[in-house]
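Student: Have a peek at structure_19.pdb (PDB, C-alpha atoms and all ligand atoms).
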ATOM      1  CA  MET A   1    -122.201 216.252 154.133  1.00  0.00           C
ATOM      2  CA  ASN A   2    -122.252 212.654 152.939  1.00  0.00           C
ATOM      3  CA  TYR A   3    -122.949 209.944 155.508  1.00  0.00           C
ATOM      4  CA  HIS A   4    -122.093 206.301 154.843  1.00  0.00           C
ATOM      5  CA  VAL A   5    -123.300 203.780 157.410  1.00  0.00           C
ATOM      6  CA  LEU A   6    -121.831 200.278 157.570  1.00  0.00           C
ATOM      7  CA  THR A   7    -124.506 198.137 159.178  1.00  0.00           C
ATOM      8  CA  LEU A   8    -126.290 194.785 159.267  1.00  0.00           C
ATOM      9  CA  PHE A   9    -129.607 196.692 159.433  1.00  0.00           C
ATOM     10  CA  PRO A  10    -129.618 199.187 156.549  1.00  0.00           C
ATOM     11  CA  GLU A  11    -133.429 199.584 156.587  1.00  0.00           C
ATOM     12  CA  MET A  12    -133.307 200.660 160.233  1.00  0.00           C
ATOM     13  CA  VAL A  13    -130.900 203.486 159.400  1.00  0.00           C
ATOM     14  CA  GLU A  14    -132.728 204.507 156.217  1.00  0.00           C
ATOM     15  CA  GLN A  15    -136.146 204.480 157.886  1.00  0.00           C
ATOM     16  CA  GLY A  16    -134.818 206.344 160.906  1.00  0.00           C
ATOM     17  CA  CYS A  17    -133.311 209.124 158.816  1.00  0.00           C
ATOM     18  CA  ASN A  18    -135.930 209.714 156.132  1.00  0.00           C
ATOM     19  CA  THR A  19    -138.419 211.650 158.234  1.00  0.00           C
ATOM     20  CA  SER A  20    -138.731 215.215 159.470  1.00  0.00           C
ATOM     21  CA  ILE A  21    -135.830 217.629 159.240  1.00  0.00           C
ATOM     22  CA  ILE A  22    -133.172 215.103 158.249  1.00  0.00           C
ATOM     23  CA  GLY A  23    -135.380 213.657 155.489  1.00  0.00           C
ATOM     24  CA  ARG A  24    -136.010 217.140 154.137  1.00  0.00           C
ATOM     25  CA  ALA A  25    -132.285 217.934 154.166  1.00  0.00           C
ATOM     26  CA  VAL A  26    -131.662 214.797 152.077  1.00  0.00           C
ATOM     27  CA  GLU A  27    -134.399 215.854 149.623  1.00  0.00           C
ATOM     28  CA  LYS A  28    -132.879 219.319 149.402  1.00  0.00           C
ATOM     29  CA  GLY A  29    -129.473 217.780 148.631  1.00  0.00           C
ATOM     30  CA  LEU A  30    -127.818 219.334 151.679  1.00  0.00           C
ATOM     31  CA  ILE A  31    -126.843 215.932 153.038  1.00  0.00           C
ATOM     32  CA  SER A  32    -126.784 212.411 151.613  1.00  0.00           C
ATOM     33  CA  LEU A  33    -127.172 209.117 153.395  1.00  0.00           C
ATOM     34  CA  GLU A  34    -126.092 205.710 152.197  1.00  0.00           C
ATOM     35  CA  ALA A  35    -126.576 202.566 154.304  1.00  0.00           C
ATOM     36  CA  VAL A  36    -124.248 199.786 153.204  1.00  0.00           C
ATOM     37  CA  ASN A  37    -125.220 196.254 154.207  1.00  0.00           C
ATOM     38  CA  ILE A  38    -122.116 194.476 155.541  1.00  0.00           C
ATOM     39  CA  ARG A  39    -123.813 191.150 154.769  1.00  0.00           C
ATOM     40  CA  ASP A  40    -123.628 191.937 151.037  1.00  0.00           C
ATOM     41  CA  TYR A  41    -119.841 191.595 151.278  1.00  0.00           C
ATOM     42  CA  THR A  42    -119.616 188.102 152.744  1.00  0.00           C
ATOM     43  CA  GLU A  43    -117.802 185.437 150.726  1.00  0.00           C
ATOM     44  CA  ASN A  44    -119.498 182.327 152.124  1.00  0.00           C
ATOM     45  CA  LYS A  45    -122.643 180.742 150.774  1.00  0.00           C
ATOM     46  CA  HIS A  46    -124.722 181.324 153.905  1.00  0.00           C
ATOM     47  CA  ASN A  47    -123.828 185.035 154.045  1.00  0.00           C
ATOM     48  CA  LYS A  48    -122.564 184.545 157.577  1.00  0.00           C
ATOM     49  CA  VAL A  49    -120.955 187.690 159.055  1.00  0.00           C
ATOM     50  CA  ASP A  50    -119.942 186.390 162.499  1.00  0.00           C
ATOM     51  CA  ASP A  51    -118.088 183.508 164.123  1.00  0.00           C
ATOM     52  CA  TYR A  52    -117.064 182.233 167.575  1.00  0.00           C
ATOM     53  CA  PRO A  53    -114.480 184.243 169.503  1.00  0.00           C
ATOM     54  CA  TYR A  54    -110.950 182.793 169.662  1.00  0.00           C
ATOM     55  CA  GLY A  55    -110.222 181.947 173.281  1.00  0.00           C
ATOM     56  CA  GLY A  56    -113.847 181.084 173.955  1.00  0.00           C
ATOM     57  CA  GLY A  57    -116.560 182.986 175.748  1.00  0.00           C
ATOM     58  CA  ALA A  58    -120.145 183.967 175.147  1.00  0.00           C
ATOM     59  CA  GLY A  59    -121.508 185.492 171.967  1.00  0.00           C
ATOM     60  CA  MET A  60    -120.260 185.915 168.441  1.00  0.00           C
ATOM     61  CA  VAL A  61    -117.770 188.278 166.834  1.00  0.00           C
ATOM     62  CA  MET A  62    -118.267 190.069 163.528  1.00  0.00           C
ATOM     63  CA  GLN A  63    -115.549 188.931 161.164  1.00  0.00           C
ATOM     64  CA  ALA A  64    -112.977 191.255 159.629  1.00  0.00           C
ATOM     65  CA  GLN A  65    -113.342 190.451 155.913  1.00  0.00           C
ATOM     66  CA  PRO A  66    -116.945 191.558 155.197  1.00  0.00           C
ATOM     67  CA  VAL A  67    -116.486 194.705 157.288  1.00  0.00           C
ATOM     68  CA  TYR A  68    -113.277 195.572 155.451  1.00  0.00           C
ATOM     69  CA  ASP A  69    -114.713 194.924 151.990  1.00  0.00           C
ATOM     70  CA  ALA A  70    -117.863 196.933 152.776  1.00  0.00           C
ATOM     71  CA  TYR A  71    -115.600 199.774 153.942  1.00  0.00           C
ATOM     72  CA  GLN A  72    -113.470 199.531 150.772  1.00  0.00           C
ATOM     73  CA  SER A  73    -116.574 199.751 148.589  1.00  0.00           C
ATOM     74  CA  ILE A  74    -117.096 203.250 150.018  1.00  0.00           C
ATOM     75  CA  ALA A  75    -113.531 204.455 150.563  1.00  0.00           C
ATOM     76  CA  SER A  76    -112.349 203.476 147.070  1.00  0.00           C
ATOM     77  CA  ARG A  77    -114.894 205.924 145.595  1.00  0.00           C
ATOM     78  CA  LEU A  78    -113.698 208.866 147.706  1.00  0.00           C
ATOM     79  CA  GLU A  79    -110.785 211.144 146.900  1.00  0.00           C
ATOM     80  CA  LYS A  80    -109.729 211.684 150.505  1.00  0.00           C
ATOM     81  CA  LYS A  81    -109.496 209.035 153.249  1.00  0.00           C
ATOM     82  CA  PRO A  82    -112.639 209.672 155.316  1.00  0.00           C
ATOM     83  CA  ARG A  83    -112.999 209.570 159.070  1.00  0.00           C
ATOM     84  CA  VAL A  84    -114.440 206.229 160.161  1.00  0.00           C
ATOM     85  CA  ILE A  85    -116.393 206.362 163.393  1.00  0.00           C
ATOM     86  CA  TYR A  86    -116.848 203.104 165.268  1.00  0.00           C
ATOM     87  CA  MET A  87    -119.897 203.227 167.529  1.00  0.00           C
ATOM     88  CA  THR A  88    -118.843 201.687 170.844  1.00  0.00           C
ATOM     89  CA  PRO A  89    -119.487 202.278 174.552  1.00  0.00           C
ATOM     90  CA  GLN A  90    -115.665 202.266 174.872  1.00  0.00           C
ATOM     91  CA  GLY A  91    -115.314 205.438 172.785  1.00  0.00           C
ATOM     92  CA  ARG A  92    -115.047 209.094 173.737  1.00  0.00           C
ATOM     93  CA  VAL A  93    -118.429 210.406 174.796  1.00  0.00           C
ATOM     94  CA  PHE A  94    -120.392 212.267 172.117  1.00  0.00           C
ATOM     95  CA  SER A  95    -121.202 215.916 172.834  1.00  0.00           C
ATOM     96  CA  GLN A  96    -122.156 219.130 171.066  1.00  0.00           C
ATOM     97  CA  SER A  97    -118.475 219.980 170.579  1.00  0.00           C
ATOM     98  CA  VAL A  98    -117.798 216.598 168.930  1.00  0.00           C
ATOM     99  CA  ALA A  99    -120.820 217.235 166.659  1.00  0.00           C
ATOM    100  CA  GLU A 100    -119.384 220.649 165.738  1.00  0.00           C
ATOM    101  CA  GLU A 101    -116.018 219.124 164.952  1.00  0.00           C
ATOM    102  CA  LEU A 102    -117.497 216.401 162.724  1.00  0.00           C
ATOM    103  CA  ALA A 103    -119.880 218.786 160.931  1.00  0.00           C
ATOM    104  CA  GLY A 104    -116.853 220.208 159.113  1.00  0.00           C
ATOM    105  CA  GLU A 105    -116.128 216.913 157.306  1.00  0.00           C
ATOM    106  CA  GLU A 106    -117.148 216.177 153.714  1.00  0.00           C
ATOM    107  CA  ASP A 107    -117.736 212.438 154.257  1.00  0.00           C
ATOM    108  CA  LEU A 108    -118.272 210.413 157.427  1.00  0.00           C
ATOM    109  CA  ILE A 109    -118.378 206.639 157.676  1.00  0.00           C
ATOM    110  CA  PHE A 110    -120.195 205.148 160.685  1.00  0.00           C
ATOM    111  CA  LEU A 111    -119.380 201.553 161.566  1.00  0.00           C
ATOM    112  CA  CYS A 112    -122.153 199.841 163.531  1.00  0.00           C
ATOM    113  CA  GLY A 113    -121.303 196.651 165.364  1.00  0.00           C
ATOM    114  CA  HIS A 114    -123.524 193.932 166.766  1.00  0.00           C
ATOM    115  CA  TYR A 115    -123.041 190.747 168.780  1.00  0.00           C
ATOM    116  CA  GLU A 116    -120.022 190.852 171.082  1.00  0.00           C
ATOM    117  CA  GLY A 117    -118.098 193.225 168.849  1.00  0.00           C
ATOM    118  CA  ILE A 118    -115.939 193.282 165.727  1.00  0.00           C
ATOM    119  CA  ASP A 119    -112.612 191.545 165.081  1.00  0.00           C
ATOM    120  CA  GLU A 120    -109.985 193.950 166.447  1.00  0.00           C
ATOM    121  CA  ARG A 121    -107.773 193.663 163.367  1.00  0.00           C
ATOM    122  CA  VAL A 122    -110.224 195.388 161.026  1.00  0.00           C
ATOM    123  CA  LEU A 123    -110.864 198.080 163.616  1.00  0.00           C
ATOM    124  CA  GLU A 124    -107.103 198.769 163.734  1.00  0.00           C
ATOM    125  CA  GLU A 125    -107.065 198.934 159.962  1.00  0.00           C
ATOM    126  CA  ILE A 126    -109.932 201.338 159.245  1.00  0.00           C
ATOM    127  CA  VAL A 127    -111.256 203.134 162.363  1.00  0.00           C
ATOM    128  CA  THR A 128    -110.138 206.722 163.019  1.00  0.00           C
ATOM    129  CA  ASP A 129    -112.554 207.607 165.874  1.00  0.00           C
ATOM    130  CA  GLU A 130    -114.362 205.593 168.537  1.00  0.00           C
ATOM    131  CA  VAL A 131    -117.470 207.276 169.914  1.00  0.00           C
ATOM    132  CA  SER A 132    -120.013 206.371 172.619  1.00  0.00           C
ATOM    133  CA  ILE A 133    -123.319 208.172 173.121  1.00  0.00           C
ATOM    134  CA  GLY A 134    -123.356 207.651 176.880  1.00  0.00           C
ATOM    135  CA  ASP A 135    -122.828 205.249 179.721  1.00  0.00           C
ATOM    136  CA  TYR A 136    -125.449 202.608 179.018  1.00  0.00           C
ATOM    137  CA  VAL A 137    -125.483 199.409 177.007  1.00  0.00           C
ATOM    138  CA  LEU A 138    -127.223 199.128 173.627  1.00  0.00           C
ATOM    139  CA  THR A 139    -127.639 196.130 171.344  1.00  0.00           C
ATOM    140  CA  GLY A 140    -126.019 197.767 168.338  1.00  0.00           C
ATOM    141  CA  GLY A 141    -124.487 200.892 166.891  1.00  0.00           C
ATOM    142  CA  GLU A 142    -127.385 201.913 164.622  1.00  0.00           C
ATOM    143  CA  LEU A 143    -129.267 204.086 167.120  1.00  0.00           C
ATOM    144  CA  PRO A 144    -126.050 205.841 168.203  1.00  0.00           C
ATOM    145  CA  ALA A 145    -125.169 206.486 164.540  1.00  0.00           C
ATOM    146  CA  MET A 146    -128.627 207.989 163.984  1.00  0.00           C
ATOM    147  CA  VAL A 147    -128.243 210.139 167.085  1.00  0.00           C
ATOM    148  CA  MET A 148    -124.951 211.480 165.760  1.00  0.00           C
ATOM    149  CA  ILE A 149    -126.320 212.012 162.236  1.00  0.00           C
ATOM    150  CA  ASP A 150    -129.193 214.046 163.678  1.00  0.00           C
ATOM    151  CA  ALA A 151    -126.957 216.190 165.881  1.00  0.00           C
ATOM    152  CA  ILE A 152    -124.389 216.794 163.113  1.00  0.00           C
ATOM    153  CA  SER A 153    -126.939 217.455 160.339  1.00  0.00           C
ATOM    154  CA  ARG A 154    -128.646 220.309 162.144  1.00  0.00           C
ATOM    155  CA  LEU A 155    -125.279 222.096 162.135  1.00  0.00           C
ATOM    156  CA  VAL A 156    -124.965 221.827 158.335  1.00  0.00           C
ATOM    157  CA  PRO A 157    -125.815 225.217 156.777  1.00  0.00           C
ATOM    158  CA  GLY A 158    -129.363 225.322 155.396  1.00  0.00           C
ATOM    159  CA  VAL A 159    -130.659 222.259 157.255  1.00  0.00           C
ATOM    160  CA  LEU A 160    -132.525 224.334 159.838  1.00  0.00           C
ATOM    161  CA  ASN A 161    -134.632 226.993 158.142  1.00  0.00           C
ATOM    162  CA  ASN A 162    -134.697 229.407 161.043  1.00  0.00           C
ATOM    163  CA  ALA A 163    -131.227 230.934 161.036  1.00  0.00           C
ATOM    164  CA  ASP A 164    -131.240 231.539 164.783  1.00  0.00           C
ATOM    165  CA  SER A 165    -132.624 228.192 165.872  1.00  0.00           C
ATOM    166  CA  ALA A 166    -129.331 226.297 165.671  1.00  0.00           C
ATOM    167  CA  GLU A 167    -127.645 228.924 167.768  1.00  0.00           C
ATOM    168  CA  TYR A 168    -130.204 229.952 170.269  1.00  0.00           C
ATOM    169  CA  GLU A 169    -131.021 226.943 172.369  1.00  0.00           C
ATOM    170  CA  SER A 170    -129.735 224.449 174.866  1.00  0.00           C
ATOM    171  CA  PHE A 171    -125.937 224.482 175.012  1.00  0.00           C
ATOM    172  CA  HIS A 172    -125.657 227.925 173.522  1.00  0.00           C
ATOM    173  CA  ASP A 173    -122.830 229.349 175.656  1.00  0.00           C
ATOM    174  CA  ASN A 174    -123.064 225.983 177.455  1.00  0.00           C
ATOM    175  CA  LEU A 175    -126.324 227.016 179.162  1.00  0.00           C
ATOM    176  CA  LEU A 176    -129.695 225.276 179.140  1.00  0.00           C
ATOM    177  CA  GLU A 177    -132.531 226.905 177.244  1.00  0.00           C
ATOM    178  CA  HIS A 178    -135.090 229.184 178.925  1.00  0.00           C
ATOM    179  CA  PRO A 179    -138.718 227.964 179.209  1.00  0.00           C
ATOM    180  CA  GLN A 180    -141.072 228.605 176.270  1.00  0.00           C
ATOM    181  CA  TYR A 181    -144.772 229.544 176.264  1.00  0.00           C
ATOM    182  CA  SER A 182    -147.430 229.745 173.575  1.00  0.00           C
ATOM    183  CA  ARG A 183    -151.159 230.473 173.468  1.00  0.00           C
ATOM    184  CA  PRO A 184    -153.396 230.614 175.438  1.00  0.00           C
ATOM    185  CA  GLU A 185    -152.278 233.273 177.900  1.00  0.00           C
ATOM    186  CA  VAL A 186    -153.868 231.341 180.767  1.00  0.00           C
ATOM    187  CA  TRP A 187    -154.123 227.553 180.835  1.00  0.00           C
ATOM    188  CA  ARG A 188    -155.510 225.668 183.854  1.00  0.00           C
ATOM    189  CA  ASP A 189    -155.148 228.840 185.942  1.00  0.00           C
ATOM    190  CA  LYS A 190    -151.474 229.089 184.974  1.00  0.00           C
ATOM    191  CA  ALA A 191    -150.568 232.423 183.413  1.00  0.00           C
ATOM    192  CA  VAL A 192    -147.711 233.087 181.038  1.00  0.00           C
ATOM    193  CA  PRO A 193    -144.961 235.167 182.754  1.00  0.00           C
ATOM    194  CA  PRO A 194    -146.216 238.757 182.197  1.00  0.00           C
ATOM    195  CA  ILE A 195    -142.859 240.050 180.960  1.00  0.00           C
ATOM    196  CA  LEU A 196    -143.284 237.923 177.809  1.00  0.00           C
ATOM    197  CA  LEU A 197    -146.437 239.897 176.972  1.00  0.00           C
ATOM    198  CA  SER A 198    -144.817 243.281 177.595  1.00  0.00           C
ATOM    199  CA  GLY A 199    -143.495 243.739 174.084  1.00  0.00           C
ATOM    200  CA  HIS A 200    -140.253 245.039 175.591  1.00  0.00           C
ATOM    201  CA  HIS A 201    -137.670 243.064 173.659  1.00  0.00           C
ATOM    202  CA  ALA A 202    -134.634 243.908 175.811  1.00  0.00           C
ATOM    203  CA  ASN A 203    -136.449 243.003 179.022  1.00  0.00           C
ATOM    204  CA  VAL A 204    -137.636 239.744 177.509  1.00  0.00           C
ATOM    205  CA  GLU A 205    -134.074 238.855 176.481  1.00  0.00           C
ATOM    206  CA  ALA A 206    -132.747 239.719 179.964  1.00  0.00           C
ATOM    207  CA  TRP A 207    -135.454 237.555 181.586  1.00  0.00           C
ATOM    208  CA  ARG A 208    -134.675 234.650 179.267  1.00  0.00           C
ATOM    209  CA  ARG A 209    -130.981 234.846 179.985  1.00  0.00           C
ATOM    210  CA  GLU A 210    -131.668 234.861 183.732  1.00  0.00           C
ATOM    211  CA  GLN A 211    -133.975 231.852 183.352  1.00  0.00           C
ATOM    212  CA  SER A 212    -131.179 230.032 181.500  1.00  0.00           C
ATOM    213  CA  LEU A 213    -128.791 230.749 184.360  1.00  0.00           C
ATOM    214  CA  ILE A 214    -131.317 229.611 186.985  1.00  0.00           C
ATOM    215  CA  ARG A 215    -132.142 226.419 185.090  1.00  0.00           C
ATOM    216  CA  THR A 216    -128.542 225.538 184.476  1.00  0.00           C
ATOM    217  CA  ALA A 217    -127.615 226.147 188.116  1.00  0.00           C
ATOM    218  CA  LYS A 218    -130.479 223.939 189.293  1.00  0.00           C
ATOM    219  CA  ARG A 219    -130.347 221.133 186.764  1.00  0.00           C
ATOM    220  CA  ARG A 220    -126.825 221.016 185.367  1.00  0.00           C
ATOM    221  CA  PRO A 221    -124.497 222.969 187.680  1.00  0.00           C
ATOM    222  CA  ASP A 222    -121.568 221.132 186.056  1.00  0.00           C
ATOM    223  CA  LEU A 223    -122.186 223.119 182.841  1.00  0.00           C
ATOM    224  CA  LEU A 224    -121.636 226.444 184.619  1.00  0.00           C
ATOM    225  CA  GLU A 225    -117.943 225.690 185.047  1.00  0.00           C
ATOM    226  CA  THR A 226    -117.350 226.046 181.316  1.00  0.00           C
ATOM    227  CA  ALA A 227    -120.301 228.344 180.496  1.00  0.00           C
ATOM    228  CA  ASP A 228    -119.623 231.610 178.705  1.00  0.00           C
ATOM    229  CA  LEU A 229    -120.823 234.152 181.298  1.00  0.00           C
ATOM    230  CA  SER A 230    -120.230 237.870 181.728  1.00  0.00           C
ATOM    231  CA  GLU A 231    -118.674 239.181 184.939  1.00  0.00           C
ATOM    232  CA  LYS A 232    -122.122 240.330 186.060  1.00  0.00           C
ATOM    233  CA  GLU A 233    -123.652 236.940 185.349  1.00  0.00           C
ATOM    234  CA  ARG A 234    -120.907 235.141 187.287  1.00  0.00           C
ATOM    235  CA  LEU A 235    -121.673 237.351 190.279  1.00  0.00           C
ATOM    236  CA  PHE A 236    -125.420 236.708 189.937  1.00  0.00           C
ATOM    237  CA  VAL A 237    -124.812 232.954 189.888  1.00  0.00           C
ATOM    238  CA  GLU A 238    -122.445 233.056 192.862  1.00  0.00           C
ATOM    239  CA  LYS A 239    -124.730 235.299 194.908  1.00  0.00           C
ATOM    240  CA  ASN A 240    -128.094 233.692 194.151  1.00  0.00           C
ATOM    241  CA  LEU A 241    -127.525 230.286 192.666  1.00  0.00           C
ATOM    242  CA  ALA A 242    -124.459 228.839 194.339  1.00  0.00           C
ATOM    243  CA  LYS A 243    -124.695 225.186 195.304  1.00  0.00           C
ATOM    244  CA  GLY A 244    -127.870 224.228 197.105  1.00  0.00           C
ATOM    245  CA  ARG A 245    -129.338 227.732 197.152  1.00  0.00           C
ATOM    246  CA  GLU A 246    -132.735 228.391 195.613  1.00  0.00           C
ATOM    247  CA  ILE A 247    -133.786 231.629 193.992  1.00  0.00           C
TER     248      ILE A 247
HETATM  249 CL1  LIG B 301    -121.932 204.274 170.359  1.00  0.00          CL
HETATM  250  N1  LIG B 301    -122.629 201.773 170.610  1.00  0.00           N
HETATM  251  C1  LIG B 301    -123.140 200.734 171.288  1.00  0.00           C
HETATM  252  N2  LIG B 301    -123.196 199.546 170.669  1.00  0.00           N
HETATM  253  N3  LIG B 301    -123.576 200.829 172.541  1.00  0.00           N
HETATM  254  C2  LIG B 301    -123.481 202.017 173.118  1.00  0.00           C
HETATM  255  C3  LIG B 301    -122.984 203.138 172.470  1.00  0.00           C
HETATM  256  C4  LIG B 301    -122.546 202.970 171.194  1.00  0.00           C
HETATM  257  N4  LIG B 301    -123.029 204.195 173.304  1.00  0.00           N
HETATM  258  C5  LIG B 301    -123.548 203.738 174.436  1.00  0.00           C
HETATM  259  N5  LIG B 301    -123.824 202.424 174.342  1.00  0.00           N
END
What is this file in structure tokens?
Ligand code: 6GU
Tutor:
Amino acid sequence: MNYHVLTLFPEMVEQGCNTSIIGRAVEKGLISLEAVNIRDYTENKHNKVDDYPYGGGAGMVMQAQPVYDAYQSIASRLEKKPRVIYMTPQGRVFSQSVAEELAGEEDLIFLCGHYEGIDERVLEEIVTDEVSIGDYVLTGGELPAMVMIDAISRLVPGVLNNADSAEYESFHDNLLEHPQYSRPEVWRDKAVPPILLSGHHANVEAWRREQSLIRTAKRRPDLLETADLSEKERLFVEKNLAKGREI
């Protein structure tokens, strides 16, 4: 996976992605990350990237030319026309399934805007996808791009060393993850659930699955509508965990 980020703040993206698991994946050559500074593609002597909006109004608009030329500097090197993701609160909302879809691409270009937005004409010309990371307002697209890079990268084969860890956690089968415990066995008078110390693998797995169902019903009942449950599990949820009922 090769990420290319069009941004006015390349250091922010580079710094944000060079640590921990993502940094290690870059070192291992499993992913690559290139932050392209849109300002390097300006054609005026002050390296100005924005101007007043036609029609008036507050704020500034990023101009089409430097964005387009920065894009071309990447796209002209690639064999296939890559997907270009514009980070905007107006886009479709990012989710695990969007991450899964994008993880199959060879190259991804992220376009990060600032100010009041980007001239619509260059967006029409180059953008293939508009994505939001949720219903709140941010000052720029860099953090959303980093969020997406993190979520997509952990789906790239080899990035997570534990083969199960990508699969077995929150959103597996659209359920929330079960609680986890580590040593000591008792902490501040709170004991670890005894079943986890039983050594009985099947019972532990059954308990964990039940905990996932309980958690999801309590915290994110909306997920249960599309969760992948067995007939027995559906009945358990309906009988014990239906709206408002506590176990
Ligand atoms: Cl993807 N970009 C910006 N600029 N703000 C956002 C967002 C994205 N998602 C939520 N707010």
Student: Residues at most 7 Å from stretch 80-85 of chain A, counting all atoms listed in the file, excluding those fewer than 4 positions away in the same chain, as JSON, numbers by chain?
Tutor: {"A": [75, 107, 108, 109, 110, 111, 126, 127, 128, 129, 130, 131]}
Student: Please extract the residues at most 8 Å from ligand LIG 301 (chain B), counting all atoms listed in the file, and provide them as a PyMOL selection string, using the chain letters and residue numbers of this document.
Tutor: chain A and resi 86-91+93+112-114+130-145
Student: Translate the PyMOL selection byres (((chain A and resi 72) around 12) and not hetatm) into a concrete residue list for this structure, as an MDAnalysis selection string.
Tutor: chainID A and resid 4 6 36 38 41 65:71 73:78 81:82 84 109 122 125:126
Student: Save the residues we just selected, C-alpha atoms, as a short mmCIF file (atom, residue, chain, number, x, y, z; two decimals), in the coordinates of the input?
Tutor:
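part24.cif, written as the output of this step:
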data_model
loop_
_atom_site.label_atom_id
_atom_site.label_comp_id
_atom_site.auth_asym_id
_atom_site.auth_seq_id
_atom_site.Cartn_x
_atom_site.Cartn_y
_atom_site.Cartn_z
CA HIS A 4 -122.09 206.30 154.84
CA LEU A 6 -121.83 200.28 157.57
CA VAL A 36 -124.25 199.79 153.20
CA ILE A 38 -122.12 194.48 155.54
CA TYR A 41 -119.84 191.60 151.28
CA GLN A 65 -113.34 190.45 155.91
CA PRO A 66 -116.94 191.56 155.20
CA VAL A 67 -116.49 194.70 157.29
CA TYR A 68 -113.28 195.57 155.45
CA ASP A 69 -114.71 194.92 151.99
CA ALA A 70 -117.86 196.93 152.78
CA TYR A 71 -115.60 199.77 153.94
CA SER A 73 -116.57 199.75 148.59
CA ILE A 74 -117.10 203.25 150.02
CA ALA A 75 -113.53 204.46 150.56
CA SER A 76 -112.35 203.48 147.07
CA ARG A 77 -114.89 205.92 145.60
CA LEU A 78 -113.70 208.87 147.71
CA LYS A 81 -109.50 209.04 153.25
CA PRO A 82 -112.64 209.67 155.32
CA VAL A 84 -114.44 206.23 160.16
CA ILE A 109 -118.38 206.64 157.68
CA VAL A 122 -110.22 195.39 161.03
CA GLU A 125 -107.06 198.93 159.96
CA ILE A 126 -109.93 201.34 159.24
#
Student: Around all the atoms of stretch 55-73 of chain A listed in the file, draw an axis-aligned box and extend it by 5 Å on each of the six sides; I want its centre and edge lengths in Å to one decimal, as AutoDock Vina command-line options.
Tutor:
--center_x -115.9 --center_y 190.4 --center_z 162.2 --size_x 21.3 --size_y 28.7 --size_z 37.2
Student: Closest to A:Ile152 among A:His46, A:Glu100, A:Pro53, A:Ser95, using all atoms listed in the file?
Tutor: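 Checking each of A:His46, A:Glu100, A:Pro53, A:Ser95 against A:Ile152, counting all atoms listed in the file, the winner is A:Glu100.
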Student: I'd like to see the residues matched by the PyMOL selection byres (((chain A and resi 218-225) around 9) and not hetatm) on this file, and ideally I'd get them as a list in words.
Tutor: Phe171, Asn174, Leu175, Leu176, Leu213, Ile214, Arg215, Thr216, Ala217, Thr226, Ala227, Asp228, Leu229, Val237, Leu241, Ala242, Lys243, Gly244, Arg245 and Glu246 of chain A
Student: For the atom pair atom CA of A:Gln211 and atom CA of A:Asp189, what is the interatomic distance in Å to one decimal place?
Tutor: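 Computing the Euclidean distance for atom CA of A:Gln211 and atom CA of A:Asp189 yields 21.5 Å.
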Student: Which residue, A:Phe236, A:Trp187, A:Tyr3, A:Tyr52, has the smallest gap to A:Leu33 when you use only C-alpha atoms?
Tutor: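 Among A:Phe236, A:Trp187, A:Tyr3, A:Tyr52, it is A:Tyr3 that comes nearest to A:Leu33.
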Student: Which one is closest to A:Val61: A:Cys17, A:Glu79, A:Val49, A:Leu196? Count only C-alpha atoms.
Tutor: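 Ranked by minimum distance to A:Val61, first place goes to A:Val49.
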Student: Just give me the gap between atom CA of A:Gln180 and atom CA of A:Pro157 in Å, one decimal is fine.
Tutor: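 Rounded to one decimal, the two atoms are 25.0 Å apart.
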Student: What is the distance between atom CA of A:Glu116 and atom CA of A:Asn37, in Å to one decimal?
Tutor: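 For atom CA of A:Glu116 relative to atom CA of A:Asn37, the distance reads 18.5 Å.
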Student: Out of A:Pro194, A:Gly158, A:Pro179, A:Gly199, which residue has the shortest atom-to-atom distance to A:Ile21 when counting all atoms listed in the file?
Tutor: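 Checking each of A:Pro194, A:Gly158, A:Pro179, A:Gly199 against A:Ile21, counting all atoms listed in the file, the winner is A:Gly158.
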Student: Considering all atoms listed in the file, can you say which of A:Lys28, A:Lys48, A:Lys190, A:Lys232 comes closest to A:Glu210?
Tutor: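 When distances to A:Glu210 are compared using all atoms listed in the file, the smallest one comes from A:Lys232.
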Student: Measuring atom to atom with all atoms listed in the file, identify which of A:Lys45, A:Tyr181, A:Glu238, A:Asn162 is nearest to A:Pro193.
Tutor: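 With all atoms listed in the file as the atom set, the closest residue is A:Tyr181.
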Student: Identify the residues within 12 Å of coordinate (-118.7, 218.4, 165.9) (same frame as the file), considering only C-alpha atoms, and give the answer as an mmCIF file with C-alpha atoms, in the coordinates of the input.
Tutor:
data_model
loop_
_atom_site.group_PDB
_atom_site.id
_atom_site.type_symbol
_atom_site.label_atom_id
_atom_site.label_comp_id
_atom_site.auth_asym_id
_atom_site.auth_seq_id
_atom_site.Cartn_x
_atom_site.Cartn_y
_atom_site.Cartn_z
ATOM 1 C CA VAL A 93 -118.429 210.406 174.796
ATOM 2 C CA PHE A 94 -120.392 212.267 172.117
ATOM 3 C CA SER A 95 -121.202 215.916 172.834
ATOM 4 C CA GLN A 96 -122.156 219.130 171.066
ATOM 5 C CA SER A 97 -118.475 219.980 170.579
ATOM 6 C CA VAL A 98 -117.798 216.598 168.930
ATOM 7 C CA ALA A 99 -120.820 217.235 166.659
ATOM 8 C CA GLU A 100 -119.384 220.649 165.738
ATOM 9 C CA GLU A 101 -116.018 219.124 164.952
ATOM 10 C CA LEU A 102 -117.497 216.401 162.724
ATOM 11 C CA ALA A 103 -119.880 218.786 160.931
ATOM 12 C CA GLY A 104 -116.853 220.208 159.113
ATOM 13 C CA GLU A 105 -116.128 216.913 157.306
ATOM 14 C CA LEU A 108 -118.272 210.413 157.427
ATOM 15 C CA VAL A 131 -117.470 207.276 169.914
ATOM 16 C CA MET A 148 -124.951 211.480 165.760
ATOM 17 C CA ILE A 149 -126.320 212.012 162.236
ATOM 18 C CA ASP A 150 -129.193 214.046 163.678
ATOM 19 C CA ALA A 151 -126.957 216.190 165.881
ATOM 20 C CA ILE A 152 -124.389 216.794 163.113
ATOM 21 C CA SER A 153 -126.939 217.455 160.339
ATOM 22 C CA ARG A 154 -128.646 220.309 162.144
ATOM 23 C CA LEU A 155 -125.279 222.096 162.135
ATOM 24 C CA VAL A 156 -124.965 221.827 158.335
#
